>>> print(open('run.cif').read())   # mmCIF, C-alpha atoms and all ligand atoms
data_structure
#
loop_
_atom_site.group_PDB
_atom_site.id
_atom_site.type_symbol
_atom_site.label_atom_id
_atom_site.label_comp_id
_atom_site.auth_asym_id
_atom_site.auth_seq_id
_atom_site.Cartn_x
_atom_site.Cartn_y
_atom_site.Cartn_z
ATOM 1 C CA MET A 1 0.000 0.000 0.000
ATOM 2 C CA LYS A 2 1.403 3.380 -0.973
ATOM 3 C CA VAL A 3 0.152 6.392 0.978
ATOM 4 C CA THR A 4 0.654 9.616 -0.972
ATOM 5 C CA SER A 5 -0.960 12.954 -1.856
ATOM 6 C CA TYR A 6 -1.158 14.484 1.587
ATOM 7 C CA GLU A 7 -1.220 18.223 1.753
ATOM 8 C CA GLY A 8 2.341 19.303 2.503
ATOM 9 C CA ALA A 9 3.792 15.930 1.390
ATOM 10 C CA ASN A 10 7.398 16.335 0.332
ATOM 11 C CA GLN A 11 9.160 13.458 -1.413
ATOM 12 C CA HIS A 12 12.480 15.291 -0.956
ATOM 13 C CA GLN A 13 12.219 15.582 2.814
ATOM 14 C CA ASN A 14 14.234 12.737 4.324
ATOM 15 C CA SER A 15 13.330 13.079 7.979
ATOM 16 C CA LEU A 16 10.217 13.064 10.147
ATOM 17 C CA GLN A 17 11.336 16.288 11.882
ATOM 18 C CA LEU A 18 9.488 16.175 15.196
ATOM 19 C CA LYS A 19 10.239 19.418 17.019
ATOM 20 C CA ARG A 20 9.337 18.034 20.458
ATOM 21 C CA VAL A 21 9.389 14.644 22.205
ATOM 22 C CA ALA A 22 5.840 13.505 21.609
ATOM 23 C CA PHE A 23 3.569 12.189 24.338
ATOM 24 C CA TYR A 24 2.466 9.386 22.061
ATOM 25 C CA GLY A 25 2.229 5.627 22.554
ATOM 26 C CA ARG A 26 1.647 2.169 21.219
ATOM 27 C CA THR A 27 -0.594 -0.714 22.303
ATOM 28 C CA LEU A 28 0.449 -4.049 23.777
ATOM 29 C CA SER A 29 0.106 -5.794 20.394
ATOM 30 C CA GLU A 30 2.665 -3.390 18.888
ATOM 31 C CA TYR A 31 5.020 -3.720 21.888
ATOM 32 C CA LEU A 32 5.052 -7.509 21.557
ATOM 33 C CA LYS A 33 6.214 -7.148 17.955
ATOM 34 C CA MET A 34 8.674 -4.273 18.284
ATOM 35 C CA PHE A 35 10.393 -5.833 21.329
ATOM 36 C CA ASP A 36 9.926 -9.437 20.165
ATOM 37 C CA ILE A 37 8.287 -10.388 23.478
ATOM 38 C CA ASN A 38 6.742 -13.755 24.248
ATOM 39 C CA LEU A 39 4.668 -12.742 27.274
ATOM 40 C CA SER A 40 4.334 -16.303 28.551
ATOM 41 C CA LEU A 41 8.108 -16.279 29.224
ATOM 42 C CA TRP A 42 7.789 -13.173 31.441
ATOM 43 C CA LYS A 43 4.679 -14.161 33.442
ATOM 44 C CA ASP A 44 6.190 -14.084 36.927
ATOM 45 C CA CYS A 45 8.569 -11.266 36.171
ATOM 46 C CA LYS A 46 8.666 -7.543 36.782
ATOM 47 C CA ILE A 47 8.903 -5.330 33.686
ATOM 48 C CA LEU A 48 9.718 -1.616 33.391
ATOM 49 C CA ASP A 49 8.473 0.467 30.446
ATOM 50 C CA CYS A 50 10.693 3.574 30.252
ATOM 51 C CA PRO A 51 9.446 5.890 28.915
ATOM 52 C CA GLY A 52 5.829 4.731 29.021
ATOM 53 C CA GLY A 53 4.428 7.845 27.317
ATOM 54 C CA ALA A 54 0.826 7.431 26.181
ATOM 55 C CA SER A 55 1.306 3.705 25.603
ATOM 56 C CA SER A 56 -1.294 1.205 26.837
ATOM 57 C CA PHE A 57 1.289 -1.549 27.391
ATOM 58 C CA VAL A 58 1.265 -1.071 31.188
ATOM 59 C CA ALA A 59 -2.542 -1.029 31.355
ATOM 60 C CA GLU A 60 -3.047 -4.033 29.079
ATOM 61 C CA ALA A 61 -0.228 -6.171 30.500
ATOM 62 C CA ASN A 62 -1.371 -5.648 34.109
ATOM 63 C CA LYS A 63 -4.887 -6.744 33.080
ATOM 64 C CA LEU A 64 -3.261 -9.969 31.858
ATOM 65 C CA GLY A 65 -1.584 -10.429 35.250
ATOM 66 C CA ILE A 66 1.899 -9.303 34.179
ATOM 67 C CA HIS A 67 3.582 -6.914 36.577
ATOM 68 C CA VAL A 68 4.606 -3.868 34.526
ATOM 69 C CA ILE A 69 5.501 -0.395 35.765
ATOM 70 C CA GLY A 70 5.686 2.605 33.453
ATOM 71 C CA CYS A 71 7.726 5.720 34.059
ATOM 72 C CA ASP A 72 7.795 9.049 32.258
ATOM 73 C CA PRO A 73 8.648 12.669 33.171
ATOM 74 C CA LEU A 74 4.970 13.543 32.598
ATOM 75 C CA PHE A 75 3.562 11.046 35.096
ATOM 76 C CA ASP A 76 2.957 13.727 37.704
ATOM 77 C CA ASN A 77 0.443 15.500 35.428
ATOM 78 C CA ASP A 78 -3.288 15.306 36.043
ATOM 79 C CA LEU A 79 -5.417 13.102 33.825
ATOM 80 C CA GLU A 80 -7.056 15.921 31.860
ATOM 81 C CA SER A 81 -3.701 17.505 30.956
ATOM 82 C CA LEU A 82 -2.418 14.148 29.687
ATOM 83 C CA VAL A 83 -5.577 13.548 27.626
ATOM 84 C CA GLN A 84 -5.203 16.985 26.005
ATOM 85 C CA ARG A 85 -1.433 16.595 25.471
ATOM 86 C CA GLY A 86 -1.942 13.059 24.082
ATOM 87 C CA LYS A 87 -4.612 14.178 21.602
ATOM 88 C CA ALA A 88 -2.548 17.180 20.489
ATOM 89 C CA ASP A 89 0.553 15.014 19.983
ATOM 90 C CA ILE A 90 -1.342 12.352 17.989
ATOM 91 C CA LYS A 91 -2.501 15.133 15.662
ATOM 92 C CA TYR A 92 0.997 16.643 15.509
ATOM 93 C CA VAL A 93 2.903 13.398 14.805
ATOM 94 C CA ILE A 94 0.390 12.043 12.316
ATOM 95 C CA GLU A 95 0.491 15.295 10.399
ATOM 96 C CA ARG A 96 4.310 15.043 10.228
ATOM 97 C CA VAL A 97 4.109 11.387 9.117
ATOM 98 C CA SER A 98 1.661 12.367 6.386
ATOM 99 C CA TYR A 99 4.255 14.830 4.957
ATOM 100 C CA VAL A 100 6.780 12.014 4.459
ATOM 101 C CA PRO A 101 4.788 8.826 3.681
ATOM 102 C CA HIS A 102 7.714 7.511 1.584
ATOM 103 C CA LEU A 103 9.730 7.029 4.806
ATOM 104 C CA PHE A 104 7.256 4.425 6.118
ATOM 105 C CA LYS A 105 6.089 0.912 5.334
ATOM 106 C CA TRP A 106 2.283 0.875 5.059
ATOM 107 C CA GLU A 107 1.717 -2.728 6.049
ATOM 108 C CA PHE A 108 0.997 -3.086 9.767
ATOM 109 C CA TYR A 109 -0.917 0.195 9.431
ATOM 110 C CA PRO A 110 -2.260 0.152 5.861
ATOM 111 C CA THR A 111 -3.396 3.794 5.997
ATOM 112 C CA ILE A 112 -2.941 6.991 7.993
ATOM 113 C CA THR A 113 -6.443 6.403 9.381
ATOM 114 C CA ALA A 114 -5.428 2.975 10.703
ATOM 115 C CA LEU A 115 -2.325 4.515 12.286
ATOM 116 C CA LYS A 116 -4.454 7.161 13.994
ATOM 117 C CA GLU A 117 -6.881 4.504 15.259
ATOM 118 C CA TYR A 118 -4.035 2.558 16.929
ATOM 119 C CA ARG A 119 -2.637 5.705 18.541
ATOM 120 C CA THR A 120 -6.072 6.793 19.767
ATOM 121 C CA LEU A 121 -6.798 3.324 21.187
ATOM 122 C CA ALA A 122 -3.493 3.332 23.101
ATOM 123 C CA LEU A 123 -4.194 6.805 24.530
ATOM 124 C CA GLN A 124 -7.717 5.760 25.524
ATOM 125 C CA ARG A 125 -6.572 2.553 27.281
ATOM 126 C CA PHE A 126 -3.734 4.425 28.997
ATOM 127 C CA THR A 127 -5.972 7.241 30.251
ATOM 128 C CA GLU A 128 -8.640 4.797 31.503
ATOM 129 C CA ASP A 129 -5.963 3.161 33.657
ATOM 130 C CA TYR A 130 -4.034 6.272 34.727
ATOM 131 C CA THR A 131 -5.896 7.411 37.877
ATOM 132 C CA ASN A 132 -5.931 3.949 39.477
ATOM 133 C CA GLY A 133 -2.462 3.286 38.140
ATOM 134 C CA ILE A 134 -1.072 6.359 39.941
ATOM 135 C CA ILE A 135 -2.674 5.202 43.202
ATOM 136 C CA GLN A 136 -1.351 1.670 42.709
ATOM 137 C CA LYS A 137 2.094 3.056 41.755
ATOM 138 C CA ARG A 138 2.318 1.528 38.302
ATOM 139 C CA TYR A 139 2.851 4.988 36.747
ATOM 140 C CA ILE A 140 5.883 6.745 38.206
ATOM 141 C CA LYS A 141 7.400 10.094 37.342
ATOM 142 C CA ALA A 142 11.003 9.587 36.267
ATOM 143 C CA GLU A 143 13.398 11.172 33.812
ATOM 144 C CA LEU A 144 16.405 9.604 32.147
ATOM 145 C CA PRO A 145 19.339 9.503 32.600
ATOM 146 C CA LYS A 146 18.493 8.911 36.316
ATOM 147 C CA LEU A 147 15.789 6.532 37.507
ATOM 148 C CA PRO A 148 14.354 6.287 41.039
ATOM 149 C CA PHE A 149 14.728 2.491 41.255
ATOM 150 C CA LYS A 150 17.200 0.244 43.036
ATOM 151 C CA ASP A 151 19.736 -1.839 41.112
ATOM 152 C CA LYS A 152 18.189 -4.880 39.358
ATOM 153 C CA SER A 153 14.615 -3.940 40.341
ATOM 154 C CA PHE A 154 13.172 -5.283 37.061
ATOM 155 C CA ASP A 155 13.732 -8.519 35.156
ATOM 156 C CA LEU A 156 13.072 -6.867 31.802
ATOM 157 C CA VAL A 157 13.426 -3.186 30.928
ATOM 158 C CA LEU A 158 11.859 -1.846 27.716
ATOM 159 C CA SER A 159 12.564 1.497 26.125
ATOM 160 C CA GLY A 160 10.619 2.401 22.986
ATOM 161 C CA HIS A 161 10.626 5.410 20.687
ATOM 162 C CA PHE A 162 12.806 7.721 22.731
ATOM 163 C CA LEU A 163 16.544 6.885 22.783
ATOM 164 C CA PHE A 164 18.164 7.174 19.319
ATOM 165 C CA LEU A 165 14.894 8.391 17.778
ATOM 166 C CA TYR A 166 15.340 11.881 19.236
ATOM 167 C CA SER A 167 19.125 11.927 18.964
ATOM 168 C CA ASP A 168 18.959 15.365 17.303
ATOM 169 C CA LYS A 169 17.879 16.627 20.754
ATOM 170 C CA PHE A 170 19.901 14.324 23.044
ATOM 171 C CA ASP A 171 23.617 13.818 22.581
ATOM 172 C CA TYR A 172 25.703 10.642 22.677
ATOM 173 C CA SER A 173 26.504 11.003 26.403
ATOM 174 C CA PHE A 174 22.824 11.242 27.225
ATOM 175 C CA ASN A 175 22.063 8.096 25.224
ATOM 176 C CA LEU A 176 24.963 6.171 26.785
ATOM 177 C CA ASP A 177 24.179 7.303 30.351
ATOM 178 C CA SER A 178 20.502 6.455 29.863
ATOM 179 C CA ILE A 179 21.295 2.990 28.530
ATOM 180 C CA LEU A 180 23.644 2.311 31.452
ATOM 181 C CA GLU A 181 20.875 3.443 33.817
ATOM 182 C CA LEU A 182 18.328 1.132 32.164
ATOM 183 C CA TYR A 183 20.889 -1.657 32.516
ATOM 184 C CA ARG A 184 21.495 -0.804 36.200
ATOM 185 C CA VAL A 185 17.813 -1.299 37.077
ATOM 186 C CA SER A 186 17.518 -4.549 35.085
ATOM 187 C CA SER A 187 18.370 -8.014 36.351
ATOM 188 C CA LYS A 188 18.053 -9.907 33.057
ATOM 189 C CA GLU A 189 17.562 -7.823 29.908
ATOM 190 C CA VAL A 190 17.120 -4.378 28.421
ATOM 191 C CA ARG A 191 15.460 -3.991 25.020
ATOM 192 C CA ILE A 192 15.521 -0.717 23.088
ATOM 193 C CA PHE A 193 13.565 -0.008 19.881
ATOM 194 C CA PRO A 194 14.134 1.469 17.364
ATOM 195 C CA ILE A 195 17.842 2.025 16.783
ATOM 196 C CA GLN A 196 17.156 4.585 14.074
ATOM 197 C CA GLY A 197 16.715 8.340 14.166
ATOM 198 C CA GLN A 198 13.975 10.356 12.484
ATOM 199 C CA ASN A 199 15.934 10.306 9.245
ATOM 200 C CA ALA A 200 15.310 6.521 8.976
ATOM 201 C CA GLN A 201 19.066 5.898 9.272
ATOM 202 C CA PRO A 202 20.726 3.750 11.954
ATOM 203 C CA TYR A 203 21.954 5.727 14.973
ATOM 204 C CA GLU A 204 25.228 7.273 13.832
ATOM 205 C CA HIS A 205 27.205 6.340 16.985
ATOM 206 C CA ILE A 206 25.923 2.770 17.289
ATOM 207 C CA GLU A 207 29.356 1.182 16.724
ATOM 208 C CA THR A 208 30.997 3.428 19.350
ATOM 209 C CA LEU A 209 28.178 2.647 21.745
ATOM 210 C CA LEU A 210 28.502 -1.111 21.222
ATOM 211 C CA SER A 211 32.239 -1.014 21.831
ATOM 212 C CA GLU A 212 31.810 1.110 25.006
ATOM 213 C CA LEU A 213 29.314 -1.452 26.300
ATOM 214 C CA GLU A 214 31.709 -4.265 25.457
ATOM 215 C CA ASN A 215 34.500 -2.454 27.343
ATOM 216 C CA LYS A 216 32.207 -2.421 30.374
ATOM 217 C CA ASP A 217 31.629 -6.188 29.984
ATOM 218 C CA ILE A 218 28.006 -5.661 29.012
ATOM 219 C CA THR A 219 26.727 -8.116 26.436
ATOM 220 C CA ALA A 220 24.829 -6.197 23.769
ATOM 221 C CA ASP A 221 23.522 -7.250 20.391
ATOM 222 C CA ILE A 222 21.273 -6.022 17.639
ATOM 223 C CA ILE A 223 18.328 -8.317 16.965
ATOM 224 C CA PRO A 224 15.823 -8.290 14.080
ATOM 225 C CA VAL A 225 12.167 -7.888 15.090
ATOM 226 C CA SER A 226 8.951 -8.542 13.167
ATOM 227 C CA PHE A 227 7.829 -4.917 13.237
ATOM 228 C CA GLU A 228 8.699 -2.233 10.723
ATOM 229 C CA PHE A 229 6.874 1.047 10.260
ATOM 230 C CA GLN A 230 9.644 3.559 9.685
ATOM 231 C CA LEU A 231 11.481 1.995 6.733
ATOM 232 C CA GLY A 232 14.453 -0.078 7.891
ATOM 233 C CA SER A 233 13.437 0.267 11.563
ATOM 234 C CA ASN A 234 13.179 -3.442 12.228
ATOM 235 C CA GLN A 235 15.870 -4.108 14.827
ATOM 236 C CA MET A 236 16.218 -3.641 18.551
ATOM 237 C CA LEU A 237 19.257 -3.267 20.786
ATOM 238 C CA ARG A 238 19.330 -5.930 23.508
ATOM 239 C CA LEU A 239 21.550 -5.911 26.592
ATOM 240 C CA ILE A 240 21.796 -9.151 28.568
ATOM 241 C CA ARG A 241 23.205 -9.895 32.018
HETATM 242 C C1 LIG A 301 6.984 8.624 21.989
HETATM 243 S S1 LIG A 301 6.851 8.467 23.740
HETATM 244 C C2 LIG A 301 7.308 6.768 23.979
HETATM 245 C C3 LIG A 301 6.114 5.907 24.253
HETATM 246 C C4 LIG A 301 6.281 4.404 24.250
HETATM 247 N N1 LIG A 301 7.503 3.927 24.828
HETATM 248 C C5 LIG A 301 6.117 3.807 22.856
HETATM 249 O O1 LIG A 301 7.050 3.237 22.299
HETATM 250 O O2 LIG A 301 5.011 3.906 22.333
HETATM 251 C C6 LIG A 301 8.274 9.360 24.290
HETATM 252 C C7 LIG A 301 8.183 9.757 25.761
HETATM 253 O O3 LIG A 301 9.479 10.155 26.220
HETATM 254 C C8 LIG A 301 9.245 10.971 27.342
HETATM 255 N N2 LIG A 301 10.495 11.663 27.716
HETATM 256 C C9 LIG A 301 10.931 12.893 27.366
HETATM 257 N N3 LIG A 301 12.123 13.158 27.955
HETATM 258 C C10 LIG A 301 12.448 12.060 28.693
HETATM 259 C C11 LIG A 301 13.534 11.715 29.543
HETATM 260 N N4 LIG A 301 14.576 12.546 29.745
HETATM 261 N N5 LIG A 301 13.515 10.515 30.158
HETATM 262 C C12 LIG A 301 12.496 9.656 29.944
HETATM 263 N N6 LIG A 301 11.444 9.929 29.158
HETATM 264 C C13 LIG A 301 11.418 11.112 28.533
HETATM 265 C C14 LIG A 301 8.117 11.875 26.903
HETATM 266 O O4 LIG A 301 7.443 12.449 28.011
HETATM 267 C C15 LIG A 301 7.255 10.912 26.082
HETATM 268 O O5 LIG A 301 6.146 10.467 26.814
#
>>> encode(input="run.cif", output="structure tokens")
Amino acid sequence: MKVTSYEGANQHQNSLQLKRVAFYGRTLSEYLKMFDINLSLWKDCKILDCPGGASSFVAEANKLGIHVIGCDPLFDNDLESLVQRGKADIKYVIERVSYVPHLFKWEFYPTITALKEYRTLALQRFTEDYTNGIIQKRYIKAELPKLPFKDKSFDLVLSGHFLFLYSDKFDYSFNLDSILELYRVSSKEVRIFPIQGQNAQPYEHIETLLSELENKDITADIIPVSFEFQLGSNQMLRLIR
């Protein structure tokens, strides 16, 4: 499926060009694909989603009996502010995607409308869970590169659509420090997706990063996943203890 002819579409633009970190999120079904997760293997485990954003992974996974905590700098905001911010950012990001449809694979989401439906569903499921989730401490305010958790607090740590993707706004040191922090709070694995920036190119310092991790005796590899929306964005970075 080829999505074209949007107002403002520019075949020569080679980057998504998001001017701010979007409060935007995916559903559990998308998380399972982009992080290659078999939930039955993580049933009795504790998972961290950092940053959670407007994703419904925490809400949906907890309903299935999986212990997941989400953290994000915005998780001290009231519900209404997050609903408004989430709706505004869905509109903002989808508009930017529609300017550069040639940078995306229109398969999982066959159309812009389907993409918007997924994003709206995630925001709705997240916001339905937020008030109780704050009380039950499954949504926690936290900001990389420092997290308010003890060493090895979580078996699996997931980080989607933040590191690398916004590397025009966060430098190499920030990315490295954040990854080391995610590793510190994990006891088994860290998974990070995608490893591309908004220009649909692999993170430019990935080789340096991998060798720094190796120097610290951290096992890290790049693994293919069965999810690809931004063209070529079909791999995750995995750190294992
Ligand atoms: C696009 S969302 C990621 C949502 C989710 N992980 C996903 O893949 O659908 C990016 C989030 O990063 C959060 N963020 C911004 N600065 C951050 C920081 N320094 N540390 C952690 N999260 C941050 C934003 O508040 C936003 O909710």
>>> residues_around(input="run.cif", residues="Leu213 (chain A)", least_positions_apart="2", cutoff="12 Å", atoms="all atoms listed in the file", output="MDAnalysis selection string")
chainID A and resid 176:177 179:180 183 206:211 215:221 237:241
>>> closest_residue(input="run.cif", among="A:Asp78, A:Glu107, A:Asp44, A:Glu117", to="Ile90 (chain A)", atoms="only C-alpha atoms")
A:Glu117
>>> closest_residue(input="run.cif", among="A:Val21, A:Leu79, A:Leu32, A:Val185", to="Leu147 (chain A)", atoms="all atoms listed in the file")
A:Val185
>>> residues_near_point(input="run.cif", point="(19.3, 7.1, 22.9)", cutoff="7 Å", atoms="all atoms listed in the file", output="CSV table (one decimal) with C-alpha atoms, in the coordinates of the input")
chain,number,residue,atom,x,y,z
A,162,PHE,CA,12.8,7.7,22.7
A,163,LEU,CA,16.5,6.9,22.8
A,164,PHE,CA,18.2,7.2,19.3
A,165,LEU,CA,14.9,8.4,17.8
A,167,SER,CA,19.1,11.9,19.0
A,174,PHE,CA,22.8,11.2,27.2
A,175,ASN,CA,22.1,8.1,25.2
A,176,LEU,CA,25.0,6.2,26.8
>>> resolve_selection(input="run.cif", expression="the PyMOL selection byres (((chain A and resi 225) around 10) and not hetatm)", output="list in words")
Leu32, Lys33, Met34, Phe35, Asp36, Ile37, Phe193, Pro194, Ile222, Ile223, Pro224, Ser226, Phe227, Glu228, Ser233, Asn234, Gln235 and Met236 of chain A
>>> atom_distance(input="run.cif", atom1="atom C6 of ligand LIG 301 (chain A)", atom2="CA of Asp89 (chain A)")
10.5 Å
>>> residues_near_ligand(input="run.cif", ligand="ligand LIG 301 (chain A)", cutoff="7 Å", atoms="only C-alpha atoms and all ligand atoms", output="list in words")
Val21, Ala22, Phe23, Tyr24, Gly25, Arg26, Asp49, Cys50, Pro51, Gly52, Gly53, Ala54, Ser55, Asp72, Pro73, Leu74, Ala142, Glu143, Leu144, Pro145, Ser159, Gly160, His161 and Phe162 of chain A
>>> atom_distance(input="run.cif", atom1="CA of Asp129 (chain A)", atom2="CA of Tyr109 (chain A)")
24.9 Å
>>> closest_residue(input="run.cif", among="A:Leu103, A:Ile192, A:Val93, A:Val157", to="Val68 (chain A)", atoms="all atoms listed in the file")
A:Val157
>>> decode(input="run.cif", residues="region 17-81 of chain A", atoms="C-alpha atoms", output="compact mmCIF listing (two decimals), in the first residue's frame")
# COMPACT_ATOMS: atom_id res chain seq x y z
CA GLN A 17 11.34 16.29 11.88
CA LEU A 18 9.49 16.18 15.20
CA LYS A 19 10.24 19.42 17.02
CA ARG A 20 9.34 18.03 20.46
CA VAL A 21 9.39 14.64 22.20
CA ALA A 22 5.84 13.50 21.61
CA PHE A 23 3.57 12.19 24.34
CA TYR A 24 2.47 9.39 22.06
CA GLY A 25 2.23 5.63 22.55
CA ARG A 26 1.65 2.17 21.22
CA THR A 27 -0.59 -0.71 22.30
CA LEU A 28 0.45 -4.05 23.78
CA SER A 29 0.11 -5.79 20.39
CA GLU A 30 2.66 -3.39 18.89
CA TYR A 31 5.02 -3.72 21.89
CA LEU A 32 5.05 -7.51 21.56
CA LYS A 33 6.21 -7.15 17.95
CA MET A 34 8.67 -4.27 18.28
CA PHE A 35 10.39 -5.83 21.33
CA ASP A 36 9.93 -9.44 20.17
CA ILE A 37 8.29 -10.39 23.48
CA ASN A 38 6.74 -13.75 24.25
CA LEU A 39 4.67 -12.74 27.27
CA SER A 40 4.33 -16.30 28.55
CA LEU A 41 8.11 -16.28 29.22
CA TRP A 42 7.79 -13.17 31.44
CA LYS A 43 4.68 -14.16 33.44
CA ASP A 44 6.19 -14.08 36.93
CA CYS A 45 8.57 -11.27 36.17
CA LYS A 46 8.67 -7.54 36.78
CA ILE A 47 8.90 -5.33 33.69
CA LEU A 48 9.72 -1.62 33.39
CA ASP A 49 8.47 0.47 30.45
CA CYS A 50 10.69 3.57 30.25
CA PRO A 51 9.45 5.89 28.92
CA GLY A 52 5.83 4.73 29.02
CA GLY A 53 4.43 7.85 27.32
CA ALA A 54 0.83 7.43 26.18
CA SER A 55 1.31 3.70 25.60
CA SER A 56 -1.29 1.21 26.84
CA PHE A 57 1.29 -1.55 27.39
CA VAL A 58 1.27 -1.07 31.19
CA ALA A 59 -2.54 -1.03 31.36
CA GLU A 60 -3.05 -4.03 29.08
CA ALA A 61 -0.23 -6.17 30.50
CA ASN A 62 -1.37 -5.65 34.11
CA LYS A 63 -4.89 -6.74 33.08
CA LEU A 64 -3.26 -9.97 31.86
CA GLY A 65 -1.58 -10.43 35.25
CA ILE A 66 1.90 -9.30 34.18
CA HIS A 67 3.58 -6.91 36.58
CA VAL A 68 4.61 -3.87 34.53
CA ILE A 69 5.50 -0.40 35.76
CA GLY A 70 5.69 2.60 33.45
CA CYS A 71 7.73 5.72 34.06
CA ASP A 72 7.79 9.05 32.26
CA PRO A 73 8.65 12.67 33.17
CA LEU A 74 4.97 13.54 32.60
CA PHE A 75 3.56 11.05 35.10
CA ASP A 76 2.96 13.73 37.70
CA ASN A 77 0.44 15.50 35.43
CA ASP A 78 -3.29 15.31 36.04
CA LEU A 79 -5.42 13.10 33.83
CA GLU A 80 -7.06 15.92 31.86
CA SER A 81 -3.70 17.51 30.96
